[in-house]
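Novice: Attaching a single structure in structure tokens format; questions to follow.
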Amino acid sequence: MTTINREILRIAVPSIVANVTIPLLGLIDTAIAGHLGEAETIGAIAVGSMIFNILYWGFGFLRSGTSGLTAQATGAGDNREISRLLQHSLGLAVIIALALMVLQRPICALALWTIGPSGQVAALARSYFAIVIWGALPTLVMMSVKGWLLGRQDSVHPMLISVGVNVLNIVASLVAVFGLGLGFMGVAIGTCVAQWLGLAYSAGVMLRHHRAELRTVSLRGMFSLSDARRFLSVNNHIFWRTSIMMAVTTFFMAAGARSGDMVLAVNSLIMQLFTLFSYFMDGVANAGEAVMGKYYGMGNRSRMALCLRGLLMWASVITLLFTVIYLVAPRQIFSLLTSSVAVVEAGMEYRYWCLLIPVCGALAFVWDGVYIGVGRTGDMLVTVAAAGAVFFGLYGILPADWGNNRLWAAFIAYLIVRSVLQTVLWKKVKVKKER
């Protein structure tokens, strides 16, 4: 195996391992709520978790923006910039977390109004939110730390942080609910406790391995972002790109819901297949951020070309694997996700869209990681905006009698446009001379 492939796998594999623990946490939380005996508790945890997933997805630039720029500084051997990026990222994470905690009531009210749960579910979800929001500070700070570590070519400690927080969350929730008898609120308390314990572990990692960089961090430097224009610009691009992606996903699910409960259920199942595929492709994207960013910082065009070739190769392997699985075992996969025979049979009518998800979506993941790694987040934003316009436009002009196929055709076109435009724009990227 070549050096480049080893570098890619050293970043990608731990990232994938961290990602696949995410559904386990949701499964355990749902199981805990289910054993409390009330349907409302399951709904409340689902609604509360959805709100925080959306919030933290929106602020995911704290990880990805930090990793790309830090990787460039690592490749350039610019230790001062490496330290400054850590300081800027931590400062921005703290500012956002404080804003979320101050504005928690209107944020929760707006979220519940948008989702529209029943009165009892809304009341429970409000209580859940009121506790879990106090974990926003450690959660966002850990995003910054994990992004910075990834930029430093370390994906093992970010994996340990992510897996550790998820395992702690499960244990703390079980203890709080069943050991301490705290009932429904024990799930929220367990989540918050796990986030703070995760922050303590993250601090230990930083003190042990990066004490020199931590010494440069000061409160004044964290909250003085006037010299962080490039850092803020990159994160601004990623924020708006994520917002467009969230708008597409939200509209997709809402349009499916308007078509009836069965269509909503089927679309949810197929989107789970997209999510599973994304857990693996995000690992490749993370490798793109870290490894491509490093060689871009070095100005080493030949190593960048080798890295891109390696990223595309591993993306092709993952795409082929998932395409084959979705081709030969769609019914079995649907049956694992639901016990409803009617939903499984309805899902089989749309099984061919499952095959197009990996094929049409793989390049978009690879290019996202590459563009973040080399700091071309403005171009990435433009391509996602264009793809979003195609999604909404195509959905509007396709015949209504296509039914749910109209929605899936628009979504697949959205993935294709992202991939094609980023491929074309890659020619614009210029690499500085090697140091």
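Identifiers in this document derive from the order of the structure tokens: chains are assigned A, B, ..., residues are numbered from 1 separately in each chain, and ligands are numbered from 1 in order of occurrence.
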Mind checking which residues fall within 10 Å of Trp148 (chain A), counting only C-alpha atoms, ignoring those fewer than 2 positions away in the same chain, and posting them as a ChimeraX atom specification?
Specialist: /A:62-71,82-83,85-86,89-90,142-146,150-155,158,290
Novice: Go through A:Leu276, A:Met159, A:Val344, A:Ala409 and flag the residue nearest Gly393 (chain A), using only C-alpha atoms for the distances.
Specialist: A:Ala409
Novice: Excluding same-chain residues fewer than 2 positions from region 370-377 of chain A, what lies within 10 Å of it counting only C-alpha atoms, as a ChimeraX atom specification?
Specialist: /A:61,64-72,151,230-231,233-238,241,284-297,304,307-308,311,364-368,379-383,422,425-426,428-431
Novice: The selected residues should be written to file as a PDB file, in the first residue's frame (atoms: C-alpha atoms).
Specialist:
ATOM      1  CA  PHE A  61     -18.160  24.522  10.433  1.00  0.00           C
ATOM      2  CA  SER A  64     -14.621  21.265   9.222  1.00  0.00           C
ATOM      3  CA  GLY A  65     -13.475  24.880   8.833  1.00  0.00           C
ATOM      4  CA  THR A  66     -10.913  24.457  11.578  1.00  0.00           C
ATOM      5  CA  SER A  67      -9.571  21.174  10.190  1.00  0.00           C
ATOM      6  CA  GLY A  68      -8.935  22.461   6.664  1.00  0.00           C
ATOM      7  CA  LEU A  69      -7.110  25.627   7.690  1.00  0.00           C
ATOM      8  CA  THR A  70      -5.145  23.835  10.402  1.00  0.00           C
ATOM      9  CA  ALA A  71      -4.069  21.187   7.889  1.00  0.00           C
ATOM     10  CA  GLN A  72      -2.772  23.910   5.580  1.00  0.00           C
ATOM     11  CA  GLY A 151      -5.979  19.244  10.842  1.00  0.00           C
ATOM     12  CA  ARG A 230      -9.875  34.246   6.623  1.00  0.00           C
ATOM     13  CA  PHE A 231     -11.007  31.914   9.408  1.00  0.00           C
ATOM     14  CA  SER A 233     -14.757  33.824   5.886  1.00  0.00           C
ATOM     15  CA  VAL A 234     -14.213  30.082   5.503  1.00  0.00           C
ATOM     16  CA  ASN A 235     -16.634  29.301   8.321  1.00  0.00           C
ATOM     17  CA  ASN A 236     -19.200  31.713   6.888  1.00  0.00           C
ATOM     18  CA  HIS A 237     -19.082  29.879   3.556  1.00  0.00           C
ATOM     19  CA  ILE A 238     -19.478  26.496   5.247  1.00  0.00           C
ATOM     20  CA  ARG A 241     -23.534  25.843   2.430  1.00  0.00           C
ATOM     21  CA  VAL A 284     -13.089   9.939   3.035  1.00  0.00           C
ATOM     22  CA  ALA A 285     -14.106  13.607   3.134  1.00  0.00           C
ATOM     23  CA  ASN A 286     -12.292  14.062   6.460  1.00  0.00           C
ATOM     24  CA  ALA A 287      -9.181  12.558   4.892  1.00  0.00           C
ATOM     25  CA  GLY A 288      -9.565  15.064   2.067  1.00  0.00           C
ATOM     26  CA  GLU A 289      -9.671  17.935   4.556  1.00  0.00           C
ATOM     27  CA  ALA A 290      -6.627  16.779   6.484  1.00  0.00           C
ATOM     28  CA  VAL A 291      -4.308  15.226   3.883  1.00  0.00           C
ATOM     29  CA  MET A 292      -5.109  17.499   0.935  1.00  0.00           C
ATOM     30  CA  GLY A 293      -4.931  20.498   3.240  1.00  0.00           C
ATOM     31  CA  LYS A 294      -1.489  19.468   4.438  1.00  0.00           C
ATOM     32  CA  TYR A 295      -0.061  19.077   0.939  1.00  0.00           C
ATOM     33  CA  TYR A 296      -1.759  22.270  -0.207  1.00  0.00           C
ATOM     34  CA  GLY A 297      -0.020  24.066   2.653  1.00  0.00           C
ATOM     35  CA  MET A 304      -2.016  16.594  -3.993  1.00  0.00           C
ATOM     36  CA  CYS A 307      -3.948  12.230  -2.697  1.00  0.00           C
ATOM     37  CA  LEU A 308      -6.899  13.097  -4.925  1.00  0.00           C
ATOM     38  CA  LEU A 311      -9.465   9.638  -2.298  1.00  0.00           C
ATOM     39  CA  ALA A 364     -19.938  15.342  -3.826  1.00  0.00           C
ATOM     40  CA  PHE A 365     -18.527  13.984  -0.543  1.00  0.00           C
ATOM     41  CA  VAL A 366     -14.990  13.708  -1.914  1.00  0.00           C
ATOM     42  CA  TRP A 367     -14.995  17.214  -3.360  1.00  0.00           C
ATOM     43  CA  ASP A 368     -16.439  18.723  -0.191  1.00  0.00           C
ATOM     44  CA  ASP A 379     -16.517  27.731  -4.653  1.00  0.00           C
ATOM     45  CA  MET A 380     -18.095  24.943  -2.623  1.00  0.00           C
ATOM     46  CA  LEU A 381     -20.863  27.305  -1.503  1.00  0.00           C
ATOM     47  CA  VAL A 382     -21.539  28.350  -5.108  1.00  0.00           C
ATOM     48  CA  THR A 383     -21.881  24.739  -6.267  1.00  0.00           C
ATOM     49  CA  GLN A 422     -17.068  20.941  -8.243  1.00  0.00           C
ATOM     50  CA  LEU A 425     -14.258  24.281 -10.777  1.00  0.00           C
ATOM     51  CA  TRP A 426     -11.314  22.226  -9.506  1.00  0.00           C
ATOM     52  CA  LYS A 428      -9.402  26.967 -10.930  1.00  0.00           C
ATOM     53  CA  VAL A 429      -7.442  25.895  -7.863  1.00  0.00           C
ATOM     54  CA  LYS A 430      -3.906  27.227  -7.919  1.00  0.00           C
ATOM     55  CA  VAL A 431      -1.189  25.847  -5.694  1.00  0.00           C
TER      56      VAL A 431
END
Novice: Quick one, how far is CA of Met101 (chain A) from CA of Ala247 (chain A)?
Specialist: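 Straight-line distance from CA of Met101 (chain A) to CA of Ala247 (chain A) works out to 24.0 Å.
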Novice: Would you please work out which residue, of A:Met281, A:Ala387, A:Ala46, A:Ala400, is nearest to Ala362 (chain A) when using only C-alpha atoms?
Specialist: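 The shortest atom-to-atom distance to Ala362 (chain A) comes from A:Met281.
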Novice: Have a look at A:Met348, A:Ala342, A:Leu214, A:Val420 and name the one nearest to Val328 (chain A); count only C-alpha atoms.
Specialist: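 Closest to Val328 (chain A), using only C-alpha atoms: A:Met348.
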Novice: Which is closest to Leu398 (chain A) among A:Val263, A:Ala410, A:Ser340, A:Gly283, if we use only C-alpha atoms?
Specialist: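 Result for the nearest residue to Leu398 (chain A): A:Ala410.
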